[in-house]
There are 2 protein chains.
Amino acid sequence: MSVRLAETQSIRALPLFKEMSEQNFAAMMDLSMLQRFPARAEIIREGELPDFLHVVVEGAVDLFATRDGVETTIDILYPISIFIVAAVVRDEPQLKSARTLMPSQILMVPSQIVRATFEREAAFAHGIVAELAARYRSVTRVLKNDRMLTATERLANWILNSARRAGRDEFELPIEKRKLASYLGMTPESYSRAITALESYGVHSRGTTITVTDRSRLTEFARPILNADD
Amino acid sequence: MSVRLAETQSIRALPLFKEMSEQNFAAMMDLSMLQRFPARAEIIREGELPDFLHVVVEGAVDLFATRDGVETTIDILYPISIFIVAAVVRDEPQLKSARTLMPSQILMVPSQIVRATFEREAAFAHGIVAELAARYRSVTRVLKNDRMLTATERLANWILNSARRAGRDEFELPIEKRKLASYLGMTPESYSRAITALESYGVHSRGTTITVTDRSRLTEFARPILNADD
DNA sequence: AACACCACTTGATATTTATCAAGTCACAGA
DNA sequence: TCTGTGACTTGATAAATATCAAGTGGTGTT
C-alpha cells in the first residue's frame, strides 16, 4: 500500500509536491499506491466520488465525458500530470472519466490524505492552487477555441503548438488520429478532411508524422486566439 | 482607496473571505476599492495582466472573449461572485474581458494583496482553492454541454436549471436574449428558433418571461448531462 | 401622437460539420 | 503468404447552425 522512495523522485519534482516538507511528502507516499495499468484500462468513471488524486507517472491518460454512449475527449495527459484535482478538493462527483491510452503507471493518493495534507501544509495548498488555476485556464482556452474557431483552425493551432513544443517543424502524433479528433471537438472524418485542407496552408501529413512546411502561412491561417497555448 | 466597514458585510460572508482573520480581512479591505460602474462599462480587457481581483457586489458582469471583433460570452456573474481568480493567482494575462451589463458595484482588491494574503493566511488560501475548483468545474460543464448537446438542448437545460434555481416554473430572463444566446454558444437568431422549438416540449416564452409548462417533458428532451448544474 | 431606435423574430440561403457508406491501407496472427 | 481487423480516407448526403435580409413590435423621446 505504499510507494518506494526511489520511485518518488519525479513525483517529488512536480510543482504540486515540490515545496512540501519531506515528512508530509513521505507520509503521503506511504499511504499512496503506484499502480500499473494496461492500455485501455478504465481508471475512473464520471459521476463517482473521487477516492484518489491521480498522477500520471508513465504512459498517457484520456479524460473524457460521455452522453448516451457518445464520448468526447476533454483532455489528454502525459507524465507528469495530475488529474481530478477539483473533484478531490471539493469531494464532489467527477465530471470526467479516465482511461489509459497505453500501458501506464499511475500514482494514486487517497483523497482524504490530500485534503488532510492540504489543511496542514501551506506549501501543498499553494501547489494545489497553482495546479487548479492552470487547469482552469486550460479548459477556458479550449472552450474559447471551440466557440470561435472552425475545426480546421483548431487543428491548425494544435499543430502550431505541437511544433513549438517539439522545438522542430516535424513531429509525431502522440495518439490515434480519432482520439486527437475527439480532443479537438470533431469527428475522425472531419479530422481527415481538415488535415487535407491544411496541405494548402503549409502542413504535410504522412502516416503519424506531421510536418509544418510553412510556419508563417499556417499561422496566418490559424489566427490563434490570444494566449491559446494548449 | 479603502472600503468602509459597513459595506463589507456581504463580502465578508463570501466563502472566499469567510474564514479569514478579522485583521487580515480589514487590511485587505483597507487597500481595496469599491467602485461604481455604469452599464456597459469595460472593466478588464483580455490579454492584460490582472491588477485586481474583482468582486461583483451589485449588478451583473459579462465575461467574454473576443476574436476579430466577434465575441463570445463565457460567463455571466451576479452578486456575490469573484472574477479573474486564476489570472491573479498565477499573475498571467487574463483570458477574458469583462464589462458590466447594468450599473454595478465592483470591489477591487489589488493583486499583490491577494497573493500576499494568500501566502500568509491558510484560511484565505483554502477559500481561493474552493473558488478555483468551483470555477474549473463550471467551465468543464459548459464545455461538455457545448460538445455534446445541440443548441436547443443547451437552452432546454439552461431553462430547467434556471427554474430550479428560481424555485418556480416561471421566471424572468435576467439579461438580454442576445447575451443569453452568446452565453449558450449560439446566435440570437438560433436562440429565437430554439425557444420556438421548445414550445412543443413544455416551455412557454413571452417577452422576458419563461414558463416551464411541462417539466418532465422538457427534462426528457433536454437529457441533461450528469452534474451539469450551471 | 409621431418617430426613431433597437432588440427580436422570421424567412431564405449558405456554411460547417456530422452521418452514413464504401473503399483503402497497414499490420498482426494464422 | 494470406487474411482479418480496425484505423483511416473519401464520397454522398443530411443535419445543425450561421449569415443575410426583411420585417415586427415595444420603448423612450420629442
# chains A, B, ... in the order shown; residues from 1 in each chain; ligands from 1
>>> interface_residues(of="chain C", to="chain B", cutoff="12 Å", atoms="only C-alpha atoms (C1' of nucleotides)", output="list in words")
DC6, DA7, DC8, DT9, DT10 and DG11 of chain C
>>> residues_around(residues="C:DC20", least_positions_apart="6", cutoff="12 Å", atoms="only C-alpha atoms (C1' of nucleotides)", output="PyMOL selection string")
(chain A and resi 189) or (chain D and resi 11-14)
>>> interface_residues(of="chain D", to="chain A", cutoff="12 Å", atoms="only C-alpha atoms (C1' of nucleotides)", output="PDB file with C-alpha atoms (C1' of nucleotides), in the first residue's frame")
ATOM      1  C1'  DG D   6      -9.513  -1.801 -37.447  1.00  0.00           C
ATOM      2  C1'  DA D   7      -7.997   2.740 -38.390  1.00  0.00           C
ATOM      3  C1'  DC D   8      -8.105   5.877 -41.827  1.00  0.00           C
ATOM      4  C1'  DT D   9      -9.811   8.094 -46.049  1.00  0.00           C
ATOM      5  C1'  DT D  10     -13.106   9.587 -49.439  1.00  0.00           C
ATOM      6  C1'  DG D  11     -17.616  10.434 -51.299  1.00  0.00           C
TER       7       DG D  11
END
>>> interface_residues(of="chain B", to="chain A", cutoff="6 Å", atoms="only C-alpha atoms", output="ChimeraX atom specification")
/B:86,129,133,136,143
>>> write_last_selection(atoms="C-alpha atoms", output="PDB file, in the first residue's frame")
ATOM      1  CA  ALA B  86      -6.826  32.286 -11.861  1.00  0.00           C
ATOM      2  CA  VAL B 129      -8.887  26.834  -3.789  1.00  0.00           C
ATOM      3  CA  ALA B 133     -12.171  24.364  -8.129  1.00  0.00           C
ATOM      4  CA  TYR B 136     -12.919  24.934 -13.089  1.00  0.00           C
ATOM      5  CA  LEU B 143     -17.501  22.638 -22.472  1.00  0.00           C
TER       6      LEU B 143
END
>>> select_by_dssp(residues="stretch 110-197 of chain B", states="strand (DSSP E or B)", output="count of residues only")
4
>>> select_by_dssp(residues="stretch 43-155 of chain A", states="helix (DSSP H, G or I)", output="PyMOL selection string")
chain A and resi 85-90+111-120+122-148+151-155
>>> write_last_selection(atoms="N, CA and C atoms", output="compact mmCIF listing (two decimals), in the first residue's frame")
# COMPACT_ATOMS: atom_id res chain seq x y z
N VAL A 85 -8.19 16.85 -9.75
CA VAL A 85 -7.86 17.70 -8.61
C VAL A 85 -9.10 18.35 -8.03
N ALA A 86 -9.92 18.95 -8.89
CA ALA A 86 -11.06 19.72 -8.40
C ALA A 86 -12.06 18.84 -7.66
N ALA A 87 -12.33 17.66 -8.20
CA ALA A 87 -13.29 16.77 -7.56
C ALA A 87 -12.77 16.33 -6.19
N VAL A 88 -11.46 16.08 -6.11
CA VAL A 88 -10.88 15.66 -4.84
C VAL A 88 -10.98 16.79 -3.81
N VAL A 89 -10.62 17.97 -4.24
CA VAL A 89 -10.63 19.11 -3.33
C VAL A 89 -12.04 19.37 -2.80
N ARG A 90 -13.00 19.29 -3.67
CA ARG A 90 -14.37 19.61 -3.27
C ARG A 90 -15.14 18.39 -2.79
N SER A 111 -7.86 10.41 -1.37
CA SER A 111 -8.45 11.74 -1.26
C SER A 111 -8.34 12.34 0.14
N GLN A 112 -8.60 11.51 1.12
CA GLN A 112 -8.55 12.06 2.50
C GLN A 112 -7.17 12.58 2.84
N ILE A 113 -6.16 11.88 2.37
CA ILE A 113 -4.79 12.33 2.65
C ILE A 113 -4.53 13.67 1.97
N VAL A 114 -5.03 13.76 0.73
CA VAL A 114 -4.86 15.02 0.01
C VAL A 114 -5.51 16.16 0.77
N ARG A 115 -6.76 15.93 1.17
CA ARG A 115 -7.47 17.01 1.88
C ARG A 115 -6.84 17.30 3.23
N ALA A 116 -6.41 16.26 3.93
CA ALA A 116 -5.79 16.46 5.25
C ALA A 116 -4.49 17.24 5.12
N THR A 117 -3.66 16.83 4.15
CA THR A 117 -2.38 17.49 3.96
C THR A 117 -2.59 18.93 3.52
N PHE A 118 -3.60 19.08 2.71
CA PHE A 118 -3.98 20.39 2.23
C PHE A 118 -4.28 21.34 3.39
N GLU A 119 -4.95 20.80 4.42
CA GLU A 119 -5.27 21.62 5.59
C GLU A 119 -4.01 21.93 6.39
N ARG A 120 -3.12 20.95 6.42
CA ARG A 120 -1.98 21.04 7.33
C ARG A 120 -0.83 21.85 6.76
N ALA A 122 0.77 24.57 4.13
CA ALA A 122 0.52 25.68 3.21
C ALA A 122 1.19 25.45 1.86
N ALA A 123 2.41 24.92 1.88
CA ALA A 123 3.13 24.72 0.63
C ALA A 123 2.36 23.82 -0.32
N PHE A 124 1.74 22.80 0.25
CA PHE A 124 0.94 21.88 -0.58
C PHE A 124 -0.32 22.58 -1.09
N ALA A 125 -0.94 23.34 -0.22
CA ALA A 125 -2.12 24.10 -0.63
C ALA A 125 -1.79 25.02 -1.80
N HIS A 126 -0.64 25.63 -1.73
CA HIS A 126 -0.22 26.51 -2.82
C HIS A 126 -0.06 25.72 -4.11
N GLY A 127 0.53 24.55 -3.97
CA GLY A 127 0.69 23.70 -5.14
C GLY A 127 -0.64 23.36 -5.76
N ILE A 128 -1.61 23.05 -4.94
CA ILE A 128 -2.95 22.73 -5.43
C ILE A 128 -3.54 23.93 -6.17
N VAL A 129 -3.38 25.09 -5.59
CA VAL A 129 -3.91 26.30 -6.22
C VAL A 129 -3.29 26.52 -7.59
N ALA A 130 -1.98 26.39 -7.67
CA ALA A 130 -1.31 26.60 -8.94
C ALA A 130 -1.83 25.61 -9.98
N GLU A 131 -1.97 24.39 -9.56
CA GLU A 131 -2.45 23.33 -10.45
C GLU A 131 -3.88 23.64 -10.93
N LEU A 132 -4.73 23.97 -9.99
CA LEU A 132 -6.12 24.27 -10.34
C LEU A 132 -6.22 25.46 -11.27
N ALA A 133 -5.47 26.50 -10.95
CA ALA A 133 -5.54 27.70 -11.78
C ALA A 133 -5.08 27.37 -13.20
N ALA A 134 -4.03 26.58 -13.31
CA ALA A 134 -3.52 26.21 -14.63
C ALA A 134 -4.57 25.42 -15.41
N ARG A 135 -5.20 24.49 -14.75
CA ARG A 135 -6.21 23.67 -15.43
C ARG A 135 -7.42 24.51 -15.82
N TYR A 136 -7.81 25.37 -14.94
CA TYR A 136 -8.96 26.24 -15.20
C TYR A 136 -8.69 27.06 -16.46
N ARG A 137 -7.51 27.62 -16.52
CA ARG A 137 -7.14 28.41 -17.68
C ARG A 137 -7.09 27.55 -18.93
N SER A 138 -6.63 26.35 -18.78
CA SER A 138 -6.54 25.46 -19.93
C SER A 138 -7.92 25.14 -20.51
N VAL A 139 -8.88 24.77 -19.67
CA VAL A 139 -10.22 24.49 -20.21
C VAL A 139 -10.84 25.73 -20.79
N THR A 140 -10.59 26.86 -20.17
CA THR A 140 -11.12 28.11 -20.71
C THR A 140 -10.63 28.32 -22.14
N ARG A 141 -9.36 28.05 -22.36
CA ARG A 141 -8.81 28.20 -23.71
C ARG A 141 -9.46 27.22 -24.68
N VAL A 142 -9.66 26.00 -24.23
CA VAL A 142 -10.32 25.01 -25.10
C VAL A 142 -11.72 25.50 -25.47
N LEU A 143 -12.43 26.01 -24.48
CA LEU A 143 -13.78 26.50 -24.75
C LEU A 143 -13.77 27.65 -25.75
N LYS A 144 -12.84 28.56 -25.57
CA LYS A 144 -12.73 29.68 -26.50
C LYS A 144 -12.45 29.18 -27.91
N ASN A 145 -11.53 28.25 -28.03
CA ASN A 145 -11.22 27.69 -29.34
C ASN A 145 -12.44 27.03 -29.96
N ASP A 146 -13.16 26.26 -29.16
CA ASP A 146 -14.36 25.58 -29.65
C ASP A 146 -15.40 26.56 -30.15
N ARG A 147 -15.54 27.66 -29.42
CA ARG A 147 -16.59 28.61 -29.74
C ARG A 147 -16.25 29.49 -30.93
N MET A 148 -14.97 29.83 -31.06
CA MET A 148 -14.64 30.88 -32.01
C MET A 148 -13.84 30.43 -33.22
N ALA A 151 -13.23 23.91 -37.13
CA ALA A 151 -12.49 22.69 -36.83
C ALA A 151 -11.10 22.73 -37.45
N THR A 152 -11.01 23.20 -38.67
CA THR A 152 -9.72 23.25 -39.35
C THR A 152 -8.77 24.24 -38.66
N GLU A 153 -9.32 25.33 -38.21
CA GLU A 153 -8.50 26.31 -37.49
C GLU A 153 -8.00 25.73 -36.17
N ARG A 154 -8.85 24.98 -35.49
CA ARG A 154 -8.41 24.37 -34.23
C ARG A 154 -7.27 23.41 -34.49
N LEU A 155 -7.40 22.63 -35.54
CA LEU A 155 -6.32 21.70 -35.87
C LEU A 155 -5.04 22.46 -36.21
>>> atom_distance(atom1="atom CA of A:Glu7", atom2="atom CA of A:Ser32")
11.8 Å
>>> residues_around(residues="C:DA12", least_positions_apart="2", cutoff="10 Å", atoms="only C-alpha atoms (C1' of nucleotides)", output="PyMOL selection string")
(chain C and resi 10+14) or (chain D and resi 20-21)
>>> atom_distance(atom1="atom CA of A:Ile106", atom2="atom CA of A:His54")
6.4 Å
>>> atom_distance(atom1="atom CA of A:Gln23", atom2="atom CA of A:Thr8")
13.4 Å
>>> residues_around(residues="A:Leu198", least_positions_apart="4", cutoff="9 Å", atoms="only C-alpha atoms (C1' of nucleotides)", output="VMD selection string")
chain A and resid 152 155 to 156 193 to 194 202 to 204 218 221
>>> write_last_selection(atoms="all heavy atoms", output="PDB file, in the first residue's frame")
ATOM      1  N   THR A 152     -11.012  23.197 -38.674  1.00  0.00           N
ATOM      2  CA  THR A 152      -9.718  23.249 -39.346  1.00  0.00           C
ATOM      3  C   THR A 152      -8.772  24.238 -38.660  1.00  0.00           C
ATOM      4  O   THR A 152      -7.578  23.982 -38.522  1.00  0.00           O
ATOM      5  CB  THR A 152      -9.909  23.630 -40.828  1.00  0.00           C
ATOM      6  OG1 THR A 152     -10.915  22.772 -41.395  1.00  0.00           O
ATOM      7  CG2 THR A 152      -8.631  23.425 -41.610  1.00  0.00           C
ATOM      8  N   LEU A 155      -7.395  22.630 -35.544  1.00  0.00           N
ATOM      9  CA  LEU A 155      -6.321  21.698 -35.873  1.00  0.00           C
ATOM     10  C   LEU A 155      -5.041  22.464 -36.209  1.00  0.00           C
ATOM     11  O   LEU A 155      -3.947  22.102 -35.750  1.00  0.00           O
ATOM     12  CB  LEU A 155      -6.737  20.808 -37.055  1.00  0.00           C
ATOM     13  CG  LEU A 155      -5.660  19.847 -37.568  1.00  0.00           C
ATOM     14  CD1 LEU A 155      -5.143  18.948 -36.447  1.00  0.00           C
ATOM     15  CD2 LEU A 155      -6.200  18.996 -38.723  1.00  0.00           C
ATOM     16  N   ALA A 156      -5.174  23.528 -36.992  1.00  0.00           N
ATOM     17  CA  ALA A 156      -4.009  24.335 -37.359  1.00  0.00           C
ATOM     18  C   ALA A 156      -3.301  24.851 -36.108  1.00  0.00           C
ATOM     19  O   ALA A 156      -2.077  24.771 -35.990  1.00  0.00           O
ATOM     20  CB  ALA A 156      -4.438  25.500 -38.245  1.00  0.00           C
ATOM     21  N   ARG A 193     -10.452  15.408 -43.313  1.00  0.00           N
ATOM     22  CA  ARG A 193     -10.641  16.473 -44.298  1.00  0.00           C
ATOM     23  C   ARG A 193      -9.893  17.732 -43.906  1.00  0.00           C
ATOM     24  O   ARG A 193      -9.347  18.436 -44.761  1.00  0.00           O
ATOM     25  CB  ARG A 193     -12.134  16.770 -44.447  1.00  0.00           C
ATOM     26  CG  ARG A 193     -12.859  15.613 -45.099  1.00  0.00           C
ATOM     27  CD  ARG A 193     -14.335  15.877 -45.301  1.00  0.00           C
ATOM     28  NE  ARG A 193     -14.893  14.787 -46.075  1.00  0.00           N
ATOM     29  CZ  ARG A 193     -15.718  13.866 -45.597  1.00  0.00           C
ATOM     30  NH1 ARG A 193     -16.144  13.930 -44.338  1.00  0.00           N
ATOM     31  NH2 ARG A 193     -16.148  12.897 -46.355  1.00  0.00           N
ATOM     32  N   ALA A 194      -9.850  17.998 -42.614  1.00  0.00           N
ATOM     33  CA  ALA A 194      -9.171  19.210 -42.155  1.00  0.00           C
ATOM     34  C   ALA A 194      -7.674  19.126 -42.457  1.00  0.00           C
ATOM     35  O   ALA A 194      -7.077  20.087 -42.942  1.00  0.00           O
ATOM     36  CB  ALA A 194      -9.405  19.409 -40.653  1.00  0.00           C
ATOM     37  N   GLY A 202       0.588  24.999 -45.649  1.00  0.00           N
ATOM     38  CA  GLY A 202       1.882  24.782 -45.025  1.00  0.00           C
ATOM     39  C   GLY A 202       1.976  23.625 -44.054  1.00  0.00           C
ATOM     40  O   GLY A 202       2.789  23.651 -43.135  1.00  0.00           O
ATOM     41  N   VAL A 203       1.127  22.604 -44.252  1.00  0.00           N
ATOM     42  CA  VAL A 203       1.211  21.420 -43.405  1.00  0.00           C
ATOM     43  C   VAL A 203       1.302  20.181 -44.276  1.00  0.00           C
ATOM     44  O   VAL A 203       0.588  20.072 -45.276  1.00  0.00           O
ATOM     45  CB  VAL A 203      -0.030  21.289 -42.503  1.00  0.00           C
ATOM     46  CG1 VAL A 203       0.015  19.986 -41.708  1.00  0.00           C
ATOM     47  CG2 VAL A 203      -0.139  22.472 -41.558  1.00  0.00           C
ATOM     48  N   HIS A 204       2.160  19.273 -43.904  1.00  0.00           N
ATOM     49  CA  HIS A 204       2.190  17.999 -44.604  1.00  0.00           C
ATOM     50  C   HIS A 204       2.018  16.872 -43.599  1.00  0.00           C
ATOM     51  O   HIS A 204       2.616  16.878 -42.529  1.00  0.00           O
ATOM     52  CB  HIS A 204       3.493  17.819 -45.371  1.00  0.00           C
ATOM     53  CG  HIS A 204       3.488  16.574 -46.202  1.00  0.00           C
ATOM     54  ND1 HIS A 204       2.614  16.398 -47.258  1.00  0.00           N
ATOM     55  CD2 HIS A 204       4.203  15.433 -46.119  1.00  0.00           C
ATOM     56  CE1 HIS A 204       2.823  15.204 -47.796  1.00  0.00           C
ATOM     57  NE2 HIS A 204       3.777  14.595 -47.117  1.00  0.00           N
ATOM     58  N   LEU A 218       0.849  28.998 -42.143  1.00  0.00           N
ATOM     59  CA  LEU A 218      -0.043  28.271 -41.241  1.00  0.00           C
ATOM     60  C   LEU A 218      -0.544  29.173 -40.118  1.00  0.00           C
ATOM     61  O   LEU A 218      -1.727  29.149 -39.761  1.00  0.00           O
ATOM     62  CB  LEU A 218       0.680  27.051 -40.660  1.00  0.00           C
ATOM     63  CG  LEU A 218      -0.153  26.149 -39.750  1.00  0.00           C
ATOM     64  CD1 LEU A 218      -1.383  25.613 -40.465  1.00  0.00           C
ATOM     65  CD2 LEU A 218       0.684  25.005 -39.204  1.00  0.00           C
ATOM     66  N   PHE A 221      -3.192  31.385 -41.328  1.00  0.00           N
ATOM     67  CA  PHE A 221      -4.463  30.677 -41.448  1.00  0.00           C
ATOM     68  C   PHE A 221      -5.107  30.429 -40.084  1.00  0.00           C
ATOM     69  O   PHE A 221      -6.315  30.587 -39.898  1.00  0.00           O
ATOM     70  CB  PHE A 221      -4.268  29.330 -42.149  1.00  0.00           C
ATOM     71  CG  PHE A 221      -5.523  28.488 -42.161  1.00  0.00           C
ATOM     72  CD1 PHE A 221      -6.487  28.672 -43.141  1.00  0.00           C
ATOM     73  CD2 PHE A 221      -5.757  27.542 -41.165  1.00  0.00           C
ATOM     74  CE1 PHE A 221      -7.658  27.924 -43.132  1.00  0.00           C
ATOM     75  CE2 PHE A 221      -6.921  26.790 -41.151  1.00  0.00           C
ATOM     76  CZ  PHE A 221      -7.867  26.987 -42.141  1.00  0.00           C
TER      77      PHE A 221
END
>>> decode(residues="stretch 9-103 of chain B", atoms="C-alpha atoms", output="mmCIF file, in the first residue's frame")
data_model
loop_
_atom_site.group_PDB
_atom_site.id
_atom_site.type_symbol
_atom_site.label_atom_id
_atom_site.label_comp_id
_atom_site.auth_asym_id
_atom_site.auth_seq_id
_atom_site.Cartn_x
_atom_site.Cartn_y
_atom_site.Cartn_z
ATOM 1 C CA GLN B 9 -20.708 42.695 5.367
ATOM 2 C CA SER B 10 -21.795 40.732 2.315
ATOM 3 C CA ILE B 11 -18.250 40.434 1.054
ATOM 4 C CA ARG B 12 -17.116 39.037 4.361
ATOM 5 C CA ALA B 13 -19.809 36.387 4.054
ATOM 6 C CA LEU B 14 -18.347 35.024 0.829
ATOM 7 C CA PRO B 15 -16.743 31.590 1.114
ATOM 8 C CA LEU B 16 -13.533 33.190 -0.085
ATOM 9 C CA PHE B 17 -13.315 35.582 2.854
ATOM 10 C CA LYS B 18 -15.446 33.941 5.490
ATOM 11 C CA GLU B 19 -12.715 32.071 7.335
ATOM 12 C CA MET B 20 -10.139 34.838 7.284
ATOM 13 C CA SER B 21 -8.898 36.571 10.395
ATOM 14 C CA GLU B 22 -10.564 39.892 11.067
ATOM 15 C CA GLN B 23 -7.207 41.582 10.920
ATOM 16 C CA ASN B 24 -6.187 40.298 7.509
ATOM 17 C CA PHE B 25 -9.623 40.952 6.119
ATOM 18 C CA ALA B 26 -9.579 44.516 7.395
ATOM 19 C CA ALA B 27 -6.110 45.060 5.977
ATOM 20 C CA MET B 28 -7.237 43.742 2.633
ATOM 21 C CA MET B 29 -10.331 45.927 2.558
ATOM 22 C CA ASP B 30 -8.247 48.889 3.544
ATOM 23 C CA LEU B 31 -6.272 48.568 0.348
ATOM 24 C CA SER B 32 -9.261 47.787 -1.814
ATOM 25 C CA MET B 33 -11.734 49.971 -3.618
ATOM 26 C CA LEU B 34 -15.444 49.683 -4.005
ATOM 27 C CA GLN B 35 -16.227 51.254 -7.326
ATOM 28 C CA ARG B 36 -19.416 52.068 -9.181
ATOM 29 C CA PHE B 37 -19.645 51.440 -12.889
ATOM 30 C CA PRO B 38 -22.387 52.440 -15.311
ATOM 31 C CA ALA B 39 -23.908 49.832 -17.624
ATOM 32 C CA ARG B 40 -21.639 48.601 -20.401
ATOM 33 C CA ALA B 41 -18.502 49.779 -18.679
ATOM 34 C CA GLU B 42 -15.380 47.934 -19.634
ATOM 35 C CA ILE B 43 -13.724 46.607 -16.504
ATOM 36 C CA ILE B 44 -10.911 44.433 -17.708
ATOM 37 C CA ARG B 45 -9.523 43.530 -21.087
ATOM 38 C CA GLU B 46 -8.356 40.162 -22.324
ATOM 39 C CA GLY B 47 -4.604 39.870 -22.557
ATOM 40 C CA GLU B 48 -3.751 42.357 -19.835
ATOM 41 C CA LEU B 49 -2.084 41.432 -16.595
ATOM 42 C CA PRO B 50 -4.536 41.475 -13.717
ATOM 43 C CA ASP B 51 -4.127 44.393 -11.323
ATOM 44 C CA PHE B 52 -7.078 43.445 -9.175
ATOM 45 C CA LEU B 53 -9.196 40.605 -8.007
ATOM 46 C CA HIS B 54 -12.784 41.701 -8.666
ATOM 47 C CA VAL B 55 -15.896 41.026 -6.651
ATOM 48 C CA VAL B 56 -19.308 41.733 -8.113
ATOM 49 C CA VAL B 57 -21.134 43.361 -5.217
ATOM 50 C CA GLU B 58 -24.088 44.705 -7.155
ATOM 51 C CA GLY B 59 -25.269 44.467 -10.754
ATOM 52 C CA ALA B 60 -24.057 41.932 -13.302
ATOM 53 C CA VAL B 61 -20.878 41.342 -15.241
ATOM 54 C CA ASP B 62 -20.303 39.781 -18.624
ATOM 55 C CA LEU B 63 -17.113 37.758 -19.050
ATOM 56 C CA PHE B 64 -16.351 37.352 -22.713
ATOM 57 C CA ALA B 65 -13.621 36.592 -25.184
ATOM 58 C CA THR B 66 -13.016 38.279 -28.499
ATOM 59 C CA ARG B 67 -11.561 37.270 -31.815
ATOM 60 C CA ASP B 68 -11.572 39.559 -34.812
ATOM 61 C CA GLY B 69 -14.337 41.609 -33.304
ATOM 62 C CA VAL B 70 -16.558 38.589 -32.721
ATOM 63 C CA GLU B 71 -17.207 37.934 -29.096
ATOM 64 C CA THR B 72 -18.487 35.021 -27.106
ATOM 65 C CA THR B 73 -19.788 35.174 -23.561
ATOM 66 C CA ILE B 74 -18.016 32.724 -21.333
ATOM 67 C CA ASP B 75 -19.760 33.503 -18.087
ATOM 68 C CA ILE B 76 -22.188 35.937 -16.588
ATOM 69 C CA LEU B 77 -21.701 36.861 -12.961
ATOM 70 C CA TYR B 78 -24.191 38.145 -10.442
ATOM 71 C CA PRO B 79 -23.573 39.209 -6.841
ATOM 72 C CA ILE B 80 -21.757 37.984 -4.990
ATOM 73 C CA SER B 81 -19.065 36.444 -7.125
ATOM 74 C CA ILE B 82 -15.425 36.788 -7.906
ATOM 75 C CA PHE B 83 -13.608 37.025 -11.168
ATOM 76 C CA ILE B 84 -10.204 36.599 -12.746
ATOM 77 C CA VAL B 85 -9.097 34.499 -9.789
ATOM 78 C CA ALA B 86 -6.826 32.286 -11.861
ATOM 79 C CA ALA B 87 -5.060 35.121 -13.621
ATOM 80 C CA VAL B 88 -4.461 36.889 -10.300
ATOM 81 C CA VAL B 89 -3.133 33.776 -8.626
ATOM 82 C CA ARG B 90 -0.769 32.985 -11.464
ATOM 83 C CA ASP B 91 -0.026 36.589 -12.397
ATOM 84 C CA GLU B 92 -0.628 35.763 -16.040
ATOM 85 C CA PRO B 93 -2.611 37.608 -18.714
ATOM 86 C CA GLN B 94 -6.357 37.475 -18.428
ATOM 87 C CA LEU B 95 -8.128 35.134 -20.775
ATOM 88 C CA LYS B 96 -11.380 37.060 -20.679
ATOM 89 C CA SER B 97 -12.607 40.594 -20.897
ATOM 90 C CA ALA B 98 -15.260 41.904 -18.557
ATOM 91 C CA ARG B 99 -17.921 44.550 -18.827
ATOM 92 C CA THR B 100 -20.918 45.497 -16.754
ATOM 93 C CA LEU B 101 -24.346 44.526 -18.040
ATOM 94 C CA MET B 102 -26.051 47.071 -15.829
ATOM 95 C CA PRO B 103 -24.979 49.706 -13.343
#
